[in-house]
Amino acid sequence: MQNISCHYKNYLCRAACFIFWLVICPRISGQTDQKKILTPNEYNLWSFLVPEKISPLGEWSSYRLIYDYKEKDTLFLQRASDLKRISFPSGRAGKFNGELDFGCISKDTFRLVNLRTQKFLLKAGASDFRFSKNQKYAVVFNSTESNKMTMEIMDRSGRTLFYLSDIISYCFDPEMNGIAYSIQKNTGFGVELVLFTDSAIKKKTIAENPAYPYQNLIWKTESIAFIENNESKPSIYSFDIKKEKLRRLDPVSALGFPSEMKISNSMFYNPIPSIDGSKLFFWLKEPQSETMQDDPENVQIWNAKDKLLTDFKKLMPYHTSSEKLAVWNILDNTVLQITGKELPRGFLSADYKYAFIYDPAAYEPQTRQNCPYDLYVLDLESGKKELVLERYLYDDKPQGSPDGKHLCYAKDSQWWIYDLKSKKHTCLTKGISVSFFSEDSNTLEGIPPYGLAGWSNNGEVLLYDKFDIWKISFDGKRTKRLTQGREMEKSYRIKRFDSNIYYDDVHSDQKLIDLEKGFLVTESNRETGETGLGWLNNKNGANEYLWKKKKITQISKAENKNMYMYLEQNFENAPRLVIFDGKEKEIFQSNKQQKQYSWGRNERIDYEVNGIKTKGILYYPPGFKKGRKYPLVLYVYERQFAYFNDYINPTLLAGDGFNIPNFLNREYFVFLPDIVYEYANLHESVTTSVLAAVDAVVAKGDIESSKVGIIGHSFGGYETDLIITQTDRFAAAVAGAAVSDLVSFYLRVGPNLRRPEFFRTENHQFRIGKSLYENMDAYLANSPVMLAAGVNTPLLGWAGEEDRNIHSSQSMEFYLALRRLNREHTMLLYPQEGHELRLMKNQMDLSVRIMQWFDYYLKNGPKEPWMNSNFNR
């Protein structure tokens, strides 16, 4: 939300709601129930419910309520037994201290609540805090004007036990047994360590120097790593906590340290201690002379055969100025550089014995969103490098096993595993009749896998197909389907509650799963929107806990008990917060005021597109009367049925100006259809899909067939513009941030990714499948601006003038085409706005104008002055 003063925001809300209601919301007549009619004047009552934490034994929960129309959000703490609730206006960063205390930051005040007595303790001027693992201490930080911090450690009664100022940075032990911090002293700089013991707080000095600050502190198990920021020659240190021994990497004496490079002092590249503390991974900086000089007065050289665009290399340099990964073997004081100019990216095995390195630009120039690459394995003991995979295509990188001995990857629509010791590749899924790759993918980017679920503690890989979880031995000889979802069209997925901390994407994600003990699974039916929870283990298989015609999301677990907290919702029922330990208990029901107002409902609509079964979501207006004819608005954007059980807050503050309850409360039907695509033929296939959807809805007898409108944003805006060039079925249309010319869009450098838009048109949403020069006819045939002569539908277009995703010139091209053709078209161009509108006043303005547009063309409403041509404008 934008940082607008409360007074100004309230003024905007009142003004916009007044205009909205008086101008385009005359009283709805004929309501037969006694519930009130919802108007924009009441939208400020609605909030978003955000679950936060559940205490270790599940006795307490915390959650936030976020309001569109209010500047202040509220954090709540609630007891499960009697639902006693404590509020923290503007509260954030809530944490439990076991079942003893709860703390949070409210504005700049640390608030500590004793959960037994509900007594408060306040400490002003707080920016961050943590509780110790032994539950005896709270560590509170306060940022100062000098860009430093103070640290106060206090006991549960609020008594200060330890206080320091001039702290530069800090990091906690992941187990919360201590804290390490860098500090500025009168005599220079230092790194100190505080340990939280049951009897006392123990402080140790780790390092000191008179001239240079310390930074990038990282604590892992029994090692603490940090950097001494001498700008000309930074140093890196490793401290062994048990042995109380500090070691410094000396580039001169360390064998293997590349002489032309130095240790990076970038705040974005943290060192990585190995679990046993014997290795320290760190980053090297290329010589300054080899980094790209960004002088605006220098001529830019753009060679058509360069791997990467000049613009991209300035933003994300892969080769010269990017930091390179290296490892310091602490005991023998040797250094091995891991990534370099040829292979500049990499990740580590879980046991830190191997690195997997690659060049993400290996096959550039190319036209996929992500470039394929060759993956090499580097033995960190011997320094030997070998090729493992050629032309790896998938977005998700291969995953290492928790024991560090295997690598699992997808290739040729199969799952494979590589044994690092035997150097053998084994296909895991060969011979299994079901597919482990998306069965209903409708893009040309490549068929993605359903995913690797994890690794069992018995030496097996867990994989997903569309519905089920499979267990497969490393040799591929033993396979077992752990669930029976395919028969019921239920998809089972493992819900993990990891406490492991990963410092960056260099680590392998250790998804070790105990099949004997069991684990929570989520269940869902993509055809109905139903969801549930269950428990799965080797002995009993899947045991279902819950199954509902609702969406269950944002699941968390009590640390020391099999108790879960989650959100539950559907379109007619606002999200409620629930805890479950064998039976459900409601903690909080959001938006209870909804029951005072008339509310719509939704249902699934089935239809066929060229023999393919397809579905969509139809929303009914409140007070719907059978036999009466209503106007209909279609919102288009690829596949949308996944939103079937989403609750939608009424609001005028939508970034694309579209809000379903707005239309329902104005006595519109709203339909969200799924679309079937034919590659290189969107103009026909999208139109065919949408018309089939309209026919299916109109056939129900409740829609006035001549009063149907269509709206879309981004790719949906493109689809809207394209459809109205092909059919006059729609009485009015609205297209936001739309691509209109695939030729000019294709030949553009996207400012967000600094890449050509080739991939979007060839392989991504636009689905042409070939380059502009291989199938120019398809680019022309699917560009709305080239087909503008076919438009007879009144169109309202809009764009943000600073849109960095789809340039506003695309909307301008379509505007000029329709202007030259003398068609009915109005374009709204919002200054200082991007792909979605962010300013509150502009969101309201767009929402109002879209409703006015559709009211005029679909409900015979007044034609507002802004819709008329005006020589003086």
# chains A, B, ... in the order shown; residues from 1 in each chain; ligands from 1

$ residues_around --residues "segment 267-269 of chain A" --least-positions-apart "4" --cutoff "9 Å" --atoms "only C-alpha atoms" --output "PyMOL selection string"
chain A and resi 215-216+282-283+323+504

$ residues_around --residues "Gly701 of chain A" --least-positions-apart "6" --cutoff "12 Å" --atoms "only C-alpha atoms" --output "ChimeraX atom specification"
/A:625-632,694-695

$ write_last_selection --atoms "C-alpha atoms" --output "short mmCIF file (atom, residue, chain, number, x, y, z; two decimals), in the first residue's frame"
data_model
loop_
_atom_site.label_atom_id
_atom_site.label_comp_id
_atom_site.auth_asym_id
_atom_site.auth_seq_id
_atom_site.Cartn_x
_atom_site.Cartn_y
_atom_site.Cartn_z
CA LYS A 625 -34.15 -13.85 -9.29
CA LYS A 626 -34.82 -16.71 -11.66
CA GLY A 627 -36.52 -15.56 -14.82
CA ARG A 628 -34.96 -12.13 -14.82
CA LYS A 629 -32.30 -11.29 -17.43
CA TYR A 630 -28.99 -9.89 -16.18
CA PRO A 631 -25.93 -8.38 -17.88
CA LEU A 632 -22.74 -10.44 -17.85
CA VAL A 694 -20.57 -17.28 -23.28
CA ASP A 695 -22.89 -19.74 -25.00
#

$ residues_around --residues "Tyr137 of chain A" --least-positions-apart "2" --cutoff "8 Å" --atoms "only C-alpha atoms" --output "CSV table (one decimal) with N, CA, C and O atoms, in the first residue's frame"
chain,number,residue,atom,x,y,z
A,131,PHE,N,13.9,-14.2,21.2
A,131,PHE,CA,13.9,-14.9,22.5
A,131,PHE,C,15.0,-16.0,22.5
A,131,PHE,O,15.3,-16.6,21.4
A,132,SER,N,15.7,-16.3,23.6
A,132,SER,CA,16.6,-17.3,23.7
A,132,SER,C,15.9,-18.7,23.8
A,132,SER,O,14.8,-18.8,24.1
A,134,ASN,N,16.4,-21.1,25.8
A,134,ASN,CA,16.1,-21.6,27.1
A,134,ASN,C,15.0,-20.8,27.7
A,134,ASN,O,14.6,-21.0,28.9
A,135,GLN,N,14.4,-19.8,26.9
A,135,GLN,CA,13.2,-19.0,27.3
A,135,GLN,C,13.4,-18.1,28.5
A,135,GLN,O,12.5,-17.6,29.1
A,139,VAL,N,16.2,-10.5,23.6
A,139,VAL,CA,17.2,-9.6,23.1
A,139,VAL,C,16.5,-8.6,22.2
A,139,VAL,O,15.8,-8.9,21.2
A,153,ILE,N,19.7,-7.0,26.5
A,153,ILE,CA,19.2,-8.3,26.9
A,153,ILE,C,18.6,-8.2,28.3
A,153,ILE,O,19.2,-7.7,29.2
A,154,MET,N,17.3,-8.7,28.3
A,154,MET,CA,16.6,-8.6,29.6
A,154,MET,C,16.0,-9.9,29.9
A,154,MET,O,15.8,-10.8,29.1
A,155,ASP,N,15.7,-10.1,31.2
A,155,ASP,CA,15.0,-11.3,31.6
A,155,ASP,C,13.5,-11.1,31.4
A,155,ASP,O,13.0,-10.1,31.0
A,156,ARG,N,12.7,-12.1,31.8
A,156,ARG,CA,11.3,-12.1,31.5
A,156,ARG,C,10.6,-11.0,32.4
A,156,ARG,O,9.4,-10.6,32.0
A,196,PHE,N,23.8,-17.6,25.8
A,196,PHE,CA,22.7,-17.6,26.8
A,196,PHE,C,22.7,-18.9,27.6
A,196,PHE,O,22.3,-19.9,27.1

$ residues_around --residues "segment 114-118 of chain A" --least-positions-apart "4" --cutoff "7 Å" --atoms "only C-alpha atoms" --output "list of chain:residue names"
A:Glu99, A:Leu100, A:Asp101, A:Phe102

$ select_by_dssp --residues "segment 100-333 of chain A" --states "strand (DSSP E or B)" --output "PyMOL selection string"
chain A and resi 101-106+109-114+120-124+128-131+137-143+149-155+160-172+178-185+188-196+201-209+214-220+223-228+235-240+245-249+255+262-263+272-273+279-285+324-329

$ select_by_dssp --residues "segment 661-832 of chain A" --states "alpha helix (DSSP H)" --output "PyMOL selection string"
chain A and resi 661-664+682-698+715-724+742-746+758-762+776-781+809-820

$ residues_around --residues "segment 710-727 of chain A" --least-positions-apart "5" --cutoff "8 Å" --atoms "only C-alpha atoms" --output "PyMOL selection string"
chain A and resi 633-638+656+683-684+686-687+732-740+765+782-784+787-793+806+835

$ write_last_selection --atoms "C-alpha atoms" --output "tab-separated table (two decimals), in the first residue's frame"
chain	number	residue	atom	x	y	z
A	633	VAL	CA	-19.07	-9.46	-17.65
A	634	LEU	CA	-16.34	-11.97	-18.60
A	635	TYR	CA	-12.90	-11.58	-17.07
A	636	VAL	CA	-10.33	-13.35	-19.24
A	637	TYR	CA	-6.85	-14.61	-18.35
A	638	GLU	CA	-5.76	-18.15	-19.26
A	656	ASP	CA	-6.40	-3.52	-12.48
A	683	HIS	CA	-6.97	-15.14	-32.54
A	684	GLU	CA	-9.15	-18.09	-33.43
A	686	VAL	CA	-9.08	-17.76	-27.76
A	687	THR	CA	-12.19	-16.42	-29.46
A	732	ALA	CA	-18.45	-3.38	-24.50
A	733	ALA	CA	-14.86	-4.19	-23.62
A	734	VAL	CA	-12.11	-3.05	-21.24
A	735	ALA	CA	-8.44	-3.88	-21.83
A	736	GLY	CA	-5.67	-2.88	-19.45
A	737	ALA	CA	-1.89	-2.90	-20.07
A	738	ALA	CA	-2.41	-4.90	-23.26
A	739	VAL	CA	0.02	-5.96	-25.95
A	740	SER	CA	-1.45	-5.01	-29.31
A	765	GLN	CA	1.98	-16.89	-23.26
A	782	ASN	CA	-2.45	-12.61	-33.86
A	783	SER	CA	-1.70	-8.89	-33.44
A	784	PRO	CA	-4.82	-6.91	-32.53
A	787	LEU	CA	-6.78	-6.65	-37.13
A	788	ALA	CA	-8.21	-3.40	-35.78
A	789	ALA	CA	-10.51	-2.93	-38.78
A	790	GLY	CA	-12.61	-5.75	-37.37
A	791	VAL	CA	-13.36	-3.90	-34.13
A	792	ASN	CA	-16.93	-2.70	-33.68
A	793	THR	CA	-17.07	-3.14	-29.90
A	806	ILE	CA	4.27	-3.99	-21.18
A	835	HIS	CA	1.77	-2.49	-14.86

$ residues_around --residues "Arg729 of chain A" --least-positions-apart "5" --cutoff "9 Å" --atoms "only C-alpha atoms" --output "ChimeraX atom specification"
/A:691,705-706,708-709,724,793

$ closest_residue --among "A:Glu487, A:Leu577, A:Met565, A:Glu523" --to "Ile54 of chain A" --atoms "only C-alpha atoms"
A:Met565

$ residues_around --residues "His406 of chain A" --least-positions-apart "3" --cutoff "7 Å" --atoms "only C-alpha atoms" --output "PyMOL selection string"
chain A and resi 400-401+417-420

$ write_last_selection --atoms "all heavy atoms" --output "PDB file, in the first residue's frame"
ATOM      1  N   GLY A 400      20.375 -32.056  -4.772  1.00  0.00           N
ATOM      2  CA  GLY A 400      21.264 -32.999  -4.123  1.00  0.00           C
ATOM      3  C   GLY A 400      20.581 -33.709  -2.967  1.00  0.00           C
ATOM      4  O   GLY A 400      19.708 -33.153  -2.309  1.00  0.00           O
ATOM      5  N   SER A 401      21.000 -34.939  -2.705  1.00  0.00           N
ATOM      6  CA  SER A 401      20.425 -35.715  -1.609  1.00  0.00           C
ATOM      7  C   SER A 401      20.953 -35.211  -0.273  1.00  0.00           C
ATOM      8  O   SER A 401      22.029 -34.608  -0.208  1.00  0.00           O
ATOM      9  CB  SER A 401      20.767 -37.189  -1.778  1.00  0.00           C
ATOM     10  OG  SER A 401      22.173 -37.379  -1.749  1.00  0.00           O
ATOM     11  N   ILE A 417      18.614 -40.187 -11.435  1.00  0.00           N
ATOM     12  CA  ILE A 417      19.474 -39.961 -10.286  1.00  0.00           C
ATOM     13  C   ILE A 417      20.909 -40.276 -10.677  1.00  0.00           C
ATOM     14  O   ILE A 417      21.167 -41.204 -11.453  1.00  0.00           O
ATOM     15  CB  ILE A 417      19.031 -40.796  -9.062  1.00  0.00           C
ATOM     16  CG1 ILE A 417      19.674 -40.253  -7.785  1.00  0.00           C
ATOM     17  CG2 ILE A 417      19.338 -42.281  -9.240  1.00  0.00           C
ATOM     18  CD1 ILE A 417      18.997 -40.708  -6.520  1.00  0.00           C
ATOM     19  N   TYR A 418      21.827 -39.466 -10.158  1.00  0.00           N
ATOM     20  CA  TYR A 418      23.252 -39.635 -10.457  1.00  0.00           C
ATOM     21  C   TYR A 418      23.985 -39.954  -9.165  1.00  0.00           C
ATOM     22  O   TYR A 418      23.863 -39.234  -8.168  1.00  0.00           O
ATOM     23  CB  TYR A 418      23.809 -38.359 -11.089  1.00  0.00           C
ATOM     24  CG  TYR A 418      25.286 -38.405 -11.388  1.00  0.00           C
ATOM     25  CD1 TYR A 418      25.784 -39.202 -12.411  1.00  0.00           C
ATOM     26  CD2 TYR A 418      26.196 -37.635 -10.649  1.00  0.00           C
ATOM     27  CE1 TYR A 418      27.146 -39.234 -12.693  1.00  0.00           C
ATOM     28  CE2 TYR A 418      27.552 -37.657 -10.928  1.00  0.00           C
ATOM     29  CZ  TYR A 418      28.018 -38.468 -11.945  1.00  0.00           C
ATOM     30  OH  TYR A 418      29.363 -38.507 -12.224  1.00  0.00           O
ATOM     31  N   ASP A 419      24.748 -41.050  -9.175  1.00  0.00           N
ATOM     32  CA  ASP A 419      25.559 -41.453  -8.030  1.00  0.00           C
ATOM     33  C   ASP A 419      26.932 -40.801  -8.167  1.00  0.00           C
ATOM     34  O   ASP A 419      27.672 -41.084  -9.121  1.00  0.00           O
ATOM     35  CB  ASP A 419      25.680 -42.981  -7.983  1.00  0.00           C
ATOM     36  CG  ASP A 419      26.344 -43.468  -6.717  1.00  0.00           C
ATOM     37  OD1 ASP A 419      27.451 -42.987  -6.392  1.00  0.00           O
ATOM     38  OD2 ASP A 419      25.763 -44.350  -6.056  1.00  0.00           O
ATOM     39  N   LEU A 420      27.270 -39.932  -7.237  1.00  0.00           N
ATOM     40  CA  LEU A 420      28.509 -39.167  -7.352  1.00  0.00           C
ATOM     41  C   LEU A 420      29.751 -40.041  -7.207  1.00  0.00           C
ATOM     42  O   LEU A 420      30.813 -39.703  -7.736  1.00  0.00           O
ATOM     43  CB  LEU A 420      28.531 -38.062  -6.294  1.00  0.00           C
ATOM     44  CG  LEU A 420      27.516 -36.931  -6.528  1.00  0.00           C
ATOM     45  CD1 LEU A 420      27.370 -36.065  -5.293  1.00  0.00           C
ATOM     46  CD2 LEU A 420      27.921 -36.080  -7.707  1.00  0.00           C
TER      47      LEU A 420
END

$ decode --residues "segment 397-423 of chain A" --atoms "N, CA, C and O atoms" --output "mmCIF file, in the first residue's frame"
data_model
loop_
_atom_site.group_PDB
_atom_site.id
_atom_site.type_symbol
_atom_site.label_atom_id
_atom_site.label_comp_id
_atom_site.auth_asym_id
_atom_site.auth_seq_id
_atom_site.Cartn_x
_atom_site.Cartn_y
_atom_site.Cartn_z
ATOM 1 N N LYS A 397 16.633 -26.110 -10.437
ATOM 2 C CA LYS A 397 17.919 -26.772 -10.591
ATOM 3 C C LYS A 397 17.856 -28.199 -10.042
ATOM 4 O O LYS A 397 17.001 -28.518 -9.211
ATOM 5 N N PRO A 398 18.739 -29.095 -10.499
ATOM 6 C CA PRO A 398 18.812 -30.449 -9.924
ATOM 7 C C PRO A 398 19.022 -30.361 -8.406
ATOM 8 O O PRO A 398 19.609 -29.409 -7.904
ATOM 9 N N GLN A 399 18.549 -31.400 -7.701
ATOM 10 C CA GLN A 399 18.611 -31.363 -6.245
ATOM 11 C C GLN A 399 19.518 -32.457 -5.699
ATOM 12 O O GLN A 399 19.427 -33.612 -6.103
ATOM 13 N N GLY A 400 20.375 -32.056 -4.772
ATOM 14 C CA GLY A 400 21.264 -32.999 -4.123
ATOM 15 C C GLY A 400 20.581 -33.709 -2.967
ATOM 16 O O GLY A 400 19.708 -33.153 -2.309
ATOM 17 N N SER A 401 21.000 -34.939 -2.705
ATOM 18 C CA SER A 401 20.425 -35.715 -1.609
ATOM 19 C C SER A 401 20.953 -35.211 -0.273
ATOM 20 O O SER A 401 22.029 -34.608 -0.208
ATOM 21 N N PRO A 402 20.228 -35.459 0.823
ATOM 22 C CA PRO A 402 20.674 -34.988 2.136
ATOM 23 C C PRO A 402 22.008 -35.579 2.584
ATOM 24 O O PRO A 402 22.713 -34.965 3.388
ATOM 25 N N ASP A 403 22.381 -36.759 2.065
ATOM 26 C CA ASP A 403 23.677 -37.333 2.437
ATOM 27 C C ASP A 403 24.809 -36.858 1.534
ATOM 28 O O ASP A 403 25.974 -37.221 1.725
ATOM 29 N N GLY A 404 24.478 -36.072 0.521
ATOM 30 C CA GLY A 404 25.494 -35.514 -0.368
ATOM 31 C C GLY A 404 26.018 -36.465 -1.417
ATOM 32 O O GLY A 404 26.940 -36.117 -2.152
ATOM 33 N N LYS A 405 25.424 -37.659 -1.547
ATOM 34 C CA LYS A 405 25.985 -38.675 -2.433
ATOM 35 C C LYS A 405 25.259 -38.808 -3.770
ATOM 36 O O LYS A 405 25.744 -39.505 -4.660
ATOM 37 N N HIS A 406 24.117 -38.153 -3.928
ATOM 38 C CA HIS A 406 23.334 -38.316 -5.149
ATOM 39 C C HIS A 406 22.805 -36.970 -5.624
ATOM 40 O O HIS A 406 22.665 -36.018 -4.856
ATOM 41 N N LEU A 407 22.485 -36.941 -6.905
ATOM 42 C CA LEU A 407 21.880 -35.769 -7.523
ATOM 43 C C LEU A 407 20.668 -36.239 -8.314
ATOM 44 O O LEU A 407 20.775 -37.156 -9.135
ATOM 45 N N CYS A 408 19.513 -35.637 -8.063
ATOM 46 C CA CYS A 408 18.283 -36.017 -8.769
ATOM 47 C C CYS A 408 17.914 -34.907 -9.748
ATOM 48 O O CYS A 408 17.965 -33.718 -9.400
ATOM 49 N N TYR A 409 17.512 -35.290 -10.950
ATOM 50 C CA TYR A 409 17.226 -34.291 -11.974
ATOM 51 C C TYR A 409 16.196 -34.817 -12.965
ATOM 52 O O TYR A 409 15.932 -36.020 -13.048
ATOM 53 N N ALA A 410 15.604 -33.899 -13.715
ATOM 54 C CA ALA A 410 14.615 -34.236 -14.738
ATOM 55 C C ALA A 410 15.250 -34.106 -16.114
ATOM 56 O O ALA A 410 16.011 -33.165 -16.373
ATOM 57 N N LYS A 411 14.935 -35.062 -16.980
ATOM 58 C CA LYS A 411 15.463 -35.031 -18.340
ATOM 59 C C LYS A 411 14.614 -35.925 -19.231
ATOM 60 O O LYS A 411 14.248 -37.033 -18.840
ATOM 61 N N ASP A 412 14.298 -35.429 -20.433
ATOM 62 C CA ASP A 412 13.556 -36.217 -21.428
ATOM 63 C C ASP A 412 12.264 -36.781 -20.846
ATOM 64 O O ASP A 412 11.912 -37.948 -21.069
ATOM 65 N N SER A 413 11.559 -35.968 -20.057
ATOM 66 C CA SER A 413 10.280 -36.357 -19.454
ATOM 67 C C SER A 413 10.396 -37.571 -18.544
ATOM 68 O O SER A 413 9.448 -38.359 -18.407
ATOM 69 N N GLN A 414 11.572 -37.745 -17.933
ATOM 70 C CA GLN A 414 11.794 -38.792 -16.941
ATOM 71 C C GLN A 414 12.586 -38.189 -15.784
ATOM 72 O O GLN A 414 13.255 -37.170 -15.917
ATOM 73 N N TRP A 415 12.507 -38.865 -14.623
ATOM 74 C CA TRP A 415 13.346 -38.496 -13.480
ATOM 75 C C TRP A 415 14.557 -39.415 -13.426
ATOM 76 O O TRP A 415 14.424 -40.631 -13.610
ATOM 77 N N TRP A 416 15.711 -38.833 -13.141
ATOM 78 C CA TRP A 416 16.971 -39.566 -13.098
ATOM 79 C C TRP A 416 17.677 -39.281 -11.783
ATOM 80 O O TRP A 416 17.424 -38.273 -11.122
ATOM 81 N N ILE A 417 18.614 -40.187 -11.435
ATOM 82 C CA ILE A 417 19.474 -39.961 -10.286
ATOM 83 C C ILE A 417 20.909 -40.276 -10.677
ATOM 84 O O ILE A 417 21.167 -41.204 -11.453
ATOM 85 N N TYR A 418 21.827 -39.466 -10.158
ATOM 86 C CA TYR A 418 23.252 -39.635 -10.457
ATOM 87 C C TYR A 418 23.985 -39.954 -9.165
ATOM 88 O O TYR A 418 23.863 -39.234 -8.168
ATOM 89 N N ASP A 419 24.748 -41.050 -9.175
ATOM 90 C CA ASP A 419 25.559 -41.453 -8.030
ATOM 91 C C ASP A 419 26.932 -40.801 -8.167
ATOM 92 O O ASP A 419 27.672 -41.084 -9.121
ATOM 93 N N LEU A 420 27.270 -39.932 -7.237
ATOM 94 C CA LEU A 420 28.509 -39.167 -7.352
ATOM 95 C C LEU A 420 29.751 -40.041 -7.207
ATOM 96 O O LEU A 420 30.813 -39.703 -7.736
ATOM 97 N N LYS A 421 29.628 -41.156 -6.504
ATOM 98 C CA LYS A 421 30.784 -42.022 -6.318
ATOM 99 C C LYS A 421 30.985 -42.943 -7.514
ATOM 100 O O LYS A 421 32.089 -43.026 -8.072
ATOM 101 N N SER A 422 29.915 -43.630 -7.932
ATOM 102 C CA SER A 422 30.043 -44.572 -9.048
ATOM 103 C C SER A 422 29.942 -43.883 -10.402
ATOM 104 O O SER A 422 30.226 -44.483 -11.435
ATOM 105 N N LYS A 423 29.475 -42.604 -10.385
ATOM 106 C CA LYS A 423 29.308 -41.804 -11.608
ATOM 107 C C LYS A 423 28.304 -42.456 -12.559
ATOM 108 O O LYS A 423 28.460 -42.415 -13.781
#
